[in-house]
Amino acid sequence: MTICATEDATALDGPHRAALTIAADGSYAARLARHDDADRSWYPERWTLSGPEPYAVPLPGSQPEEPDSELLPLADGRVLILRRVADRFALSLLYPTDPGTGELLLGAVEAAELTLLPPTPGGTDAYALAPAGGHTALWRVPGDAGGPERIVEIPGRCTGGAWLDRGGRLLALDRELDGRTKTVLVDLARGGETGPLLQITEESNDRLLLADPDSGLLLVRSDAPGHDRLGWGVLGSRLPVRFPECLRPADAAVTPFAVQPGQMLAPESCAVAFRVDAAHGTRLGIWRPWGRRLRQLPVPDGWLAGAGLWTADGELLLPCATDAEPCGLARMAIPLEPVEPVGPVGPVEVRMPVGPGEVRMPVGSARSVGSVERSGPVGLVGLMGVARPVGGVRAVAEEAAVRGGGIVPDAGDATNHSTASAQPKAAVTEPQCSPAHPPMCRPVPLQQAPLGSR
């Protein structure tokens with residue numbers, strides 16, 4: 001999974017725009033490359049990653065591309081390109097022909113700003129955000145001759161974007177409204193209905209950086225601990241977000257870009273890859289919630305920083321481009337130690353009434369652990385458990401189950417710093433007898449001490 005972001009990359013813990021966008025199934029990728037001519041002009045390039053060896057196909061148009069043009073690969077090998085043309089944005093599909101490049105114009109969107117969201121799990125269409133005038137329009141771009149379709153207008157300015165299921169139905173967006181940024185959920189199967197997803201405290205700014213639909217692991221960024229920090233939680237759990245000290249290395253910006261798939265309901269065992277940017281250069285970070293340590297490794301030559309994907313068996317694939325090998329794929333076997341259970345482990349089912357029927361949703365694994373020292377400001381960690389219609393939109397109706405708690409760090413964080421060196425099947429299903437959609441849940445992690453004192 002690759003995250004593309006447009007925020008300031010110089011800020012500590014700030015996200016970066018990836019140099020290569022990879023399809024959710026890892027079959028294709030796309031980027032803007034540069035010609036070797038004197039002008040060093042830009043052109044689209046498609047990478048095929050599903051074969052025995054990666055290879056690139058140039059897709060140049062009739063004129064050079066602007067460096068701010070956006071690309072998104074589809075599952076059938078075509079590449080969606082978003083170009084700014086005067087006061088609008090033009091959308092086209094590019095594909096290789098013999099000779100040259102074929103182009104299918106899909107239409108245009110009149111907007112001052114338009115940004116493509118990460119690739120959809122199915123890979124057959126795309127979505128884009130157009131913020132303007134205190135609202136954000138969500139557009140769908142079908143992967144056929146149909147033109148862009150306006151889905152919904154969401155109050156506030158929306159950025160980011162992460163898919164929470166394998167069916168491409170539940171989309172999480174970071175929304176800035178009334179001076180606060182919170183993550184909201186958009187249900188595309190219900191016409192774009194929105195509701196809150198992530199709120200650690202009422203006053204905090206909470207953003208979702210990465211989501212894994214298989215395990216439910218979520219990587220968030222929040223200033224709830226008093227300053228901007230990276231934390232992790234689990235979709236549907238009822239325990240507070242954890243902010244590991246190891247994910248705050250000194251004088252470095254840490255950005256998650258890929259998570260190991262296939263770890264069904266085992267978020268603490270998921271391996272996460274980070275881009276680590278510091279004064280001495282860019283390195284690769286590897287972390288698991290269970291391991292509680294950020295391993296920093298040297299990156300391969302020519303790594304397109306911020307791009308990569310995990311295989312289900314734990315191999316990390318990093319796209320690289322050098323003069324000698326303009327299309328390469330570095331394969332890194334990351335050993336993953338088995339997770340030793342520390343208590344009764346198993347999926348927990350919560351029944352939540354929704355209208356005439358009810359929705360059953362697996363919410364993760366319950367573990368019993370020892371007490372963890374608390375630090376930082378005491379505040380309410382919001383939870384999302386019960387969803388029911390409110391004014392025609394499914395919104396959260398349940399407040400936090402535990403009050404008087406606080407922001408809780410990882411156990412052992414005081415001595416657990418980083419090293420000195422250096423989108424298938426949905427995890428949530430609905431009963432066939434009920435038309436209701438899965439309830440929206442805020443992330444909180446496993447292996448976490450209770451909020452209240454023992």
# chains A, B, ... in the order shown; residues from 1 in each chain; ligands from 1

call {"tool": "select_by_dssp", "arguments": {"residues": "region 110-166 of chain A", "states": "strand (DSSP E or B)", "output": "PyMOL selection string"}}
result
chain A and resi 110+115-116+125-132+135-142+149-155+157-163

call {"tool": "residues_around", "arguments": {"residues": "region 215-218 of chain A", "least_positions_apart": "5", "cutoff": "6 Å", "atoms": "only C-alpha atoms", "output": "ChimeraX atom specification"}}
result
/A:210,232-235,263-267

call {"tool": "atom_distance", "arguments": {"atom1": "CA of Ala18 (chain A)", "atom2": "CA of Val276 (chain A)"}}
result
13.0 Å

call {"tool": "closest_residue", "arguments": {"among": "A:Glu66, A:Asp25, A:Glu110, A:Asp36", "to": "Leu49 (chain A)", "atoms": "only C-alpha atoms"}}
result
A:Asp25

call {"tool": "residues_around", "arguments": {"residues": "Asp212 (chain A)", "least_positions_apart": "6", "cutoff": "10 Å", "atoms": "only C-alpha atoms", "output": "list of chain:residue names"}}
result
A:Met1, A:Ala162, A:Trp163, A:Leu164, A:Asp165, A:Arg166, A:Leu218, A:Leu219, A:Val234, A:Leu235, A:Ala258, A:Val259, A:Gln260, A:Pro261, A:Gly262, A:Gln263, A:Met264, A:Pro267, A:Cys270, A:Gln423, A:Ala427

call {"tool": "residues_around", "arguments": {"residues": "region 201-208 of chain A", "least_positions_apart": "2", "cutoff": "8 Å", "atoms": "only C-alpha atoms", "output": "ChimeraX atom specification"}}
result
/A:160-162,172-174,180-183,198-199,210-211,218-224,379-382

call {"tool": "decode", "arguments": {"residues": "region 222-289 of chain A", "atoms": "C-alpha atoms", "output": "PDB file, in the first residue's frame"}}
result
ATOM      1  CA  SER A 222      -2.327  13.265  16.615  1.00  0.00           C
ATOM      2  CA  ASP A 223      -1.379  16.097  18.906  1.00  0.00           C
ATOM      3  CA  ALA A 224      -3.456  14.601  21.756  1.00  0.00           C
ATOM      4  CA  PRO A 225      -0.288  13.760  23.774  1.00  0.00           C
ATOM      5  CA  GLY A 226       0.593  17.470  23.753  1.00  0.00           C
ATOM      6  CA  HIS A 227       2.470  17.581  20.450  1.00  0.00           C
ATOM      7  CA  ASP A 228       2.298  15.830  17.088  1.00  0.00           C
ATOM      8  CA  ARG A 229       3.085  12.118  17.426  1.00  0.00           C
ATOM      9  CA  LEU A 230       2.528   8.864  15.581  1.00  0.00           C
ATOM     10  CA  GLY A 231       0.251   6.329  17.211  1.00  0.00           C
ATOM     11  CA  TRP A 232      -1.430   3.060  16.413  1.00  0.00           C
ATOM     12  CA  GLY A 233      -4.824   1.542  17.071  1.00  0.00           C
ATOM     13  CA  VAL A 234      -7.152  -1.177  15.886  1.00  0.00           C
ATOM     14  CA  LEU A 235     -10.407  -0.597  14.074  1.00  0.00           C
ATOM     15  CA  GLY A 236     -13.259  -1.698  16.303  1.00  0.00           C
ATOM     16  CA  SER A 237     -11.310  -2.240  19.518  1.00  0.00           C
ATOM     17  CA  ARG A 238     -12.314  -0.405  22.692  1.00  0.00           C
ATOM     18  CA  LEU A 239      -8.943   0.560  24.115  1.00  0.00           C
ATOM     19  CA  PRO A 240      -6.998   3.826  23.711  1.00  0.00           C
ATOM     20  CA  VAL A 241      -4.627   4.732  20.916  1.00  0.00           C
ATOM     21  CA  ARG A 242      -1.023   4.017  21.833  1.00  0.00           C
ATOM     22  CA  PHE A 243       1.857   6.412  21.039  1.00  0.00           C
ATOM     23  CA  PRO A 244       5.156   4.475  21.037  1.00  0.00           C
ATOM     24  CA  GLU A 245       8.266   6.436  21.896  1.00  0.00           C
ATOM     25  CA  CYS A 246      10.230   4.500  19.270  1.00  0.00           C
ATOM     26  CA  LEU A 247       8.131   6.112  16.515  1.00  0.00           C
ATOM     27  CA  ARG A 248       9.516   9.510  17.520  1.00  0.00           C
ATOM     28  CA  PRO A 249      13.229   9.281  16.683  1.00  0.00           C
ATOM     29  CA  ALA A 250      15.227  12.429  17.362  1.00  0.00           C
ATOM     30  CA  ASP A 251      15.558  14.889  14.465  1.00  0.00           C
ATOM     31  CA  ALA A 252      13.842  12.661  11.920  1.00  0.00           C
ATOM     32  CA  ALA A 253      10.527  12.626  10.072  1.00  0.00           C
ATOM     33  CA  VAL A 254       8.871   9.204  10.123  1.00  0.00           C
ATOM     34  CA  THR A 255       6.185   8.345   7.551  1.00  0.00           C
ATOM     35  CA  PRO A 256       4.465   4.951   7.212  1.00  0.00           C
ATOM     36  CA  PHE A 257       3.979   3.772   3.643  1.00  0.00           C
ATOM     37  CA  ALA A 258       3.273   0.018   3.653  1.00  0.00           C
ATOM     38  CA  VAL A 259       1.849  -2.627   5.980  1.00  0.00           C
ATOM     39  CA  GLN A 260       2.066  -6.407   5.724  1.00  0.00           C
ATOM     40  CA  PRO A 261      -1.274  -7.857   4.532  1.00  0.00           C
ATOM     41  CA  GLY A 262      -2.971 -11.096   5.427  1.00  0.00           C
ATOM     42  CA  GLN A 263      -2.657 -10.828   9.208  1.00  0.00           C
ATOM     43  CA  MET A 264      -6.332 -11.443   9.899  1.00  0.00           C
ATOM     44  CA  LEU A 265      -7.296 -10.002  13.304  1.00  0.00           C
ATOM     45  CA  ALA A 266      -3.632  -9.963  14.358  1.00  0.00           C
ATOM     46  CA  PRO A 267      -2.673  -6.268  14.209  1.00  0.00           C
ATOM     47  CA  GLU A 268       0.111  -6.558  16.805  1.00  0.00           C
ATOM     48  CA  SER A 269       2.022  -8.903  14.480  1.00  0.00           C
ATOM     49  CA  CYS A 270       1.779  -6.703  11.358  1.00  0.00           C
ATOM     50  CA  ALA A 271       5.031  -5.359   9.997  1.00  0.00           C
ATOM     51  CA  VAL A 272       4.957  -1.693   8.950  1.00  0.00           C
ATOM     52  CA  ALA A 273       7.497   0.005   6.687  1.00  0.00           C
ATOM     53  CA  PHE A 274       8.447   3.645   7.300  1.00  0.00           C
ATOM     54  CA  ARG A 275      10.332   6.254   5.385  1.00  0.00           C
ATOM     55  CA  VAL A 276      12.744   7.874   7.839  1.00  0.00           C
ATOM     56  CA  ASP A 277      14.114  11.263   6.732  1.00  0.00           C
ATOM     57  CA  ALA A 278      16.892  12.855   8.748  1.00  0.00           C
ATOM     58  CA  ALA A 279      19.791  15.221   8.187  1.00  0.00           C
ATOM     59  CA  HIS A 280      22.063  12.331   7.206  1.00  0.00           C
ATOM     60  CA  GLY A 281      19.646  11.091   4.530  1.00  0.00           C
ATOM     61  CA  THR A 282      16.719   8.751   4.048  1.00  0.00           C
ATOM     62  CA  ARG A 283      16.562   5.324   5.642  1.00  0.00           C
ATOM     63  CA  LEU A 284      14.081   2.490   5.857  1.00  0.00           C
ATOM     64  CA  GLY A 285      12.267   1.856   9.117  1.00  0.00           C
ATOM     65  CA  ILE A 286      10.674  -1.472  10.091  1.00  0.00           C
ATOM     66  CA  TRP A 287       8.327  -1.714  13.071  1.00  0.00           C
ATOM     67  CA  ARG A 288       5.723  -4.002  14.552  1.00  0.00           C
ATOM     68  CA  PRO A 289       3.412  -3.118  17.456  1.00  0.00           C
TER      69      PRO A 289
END
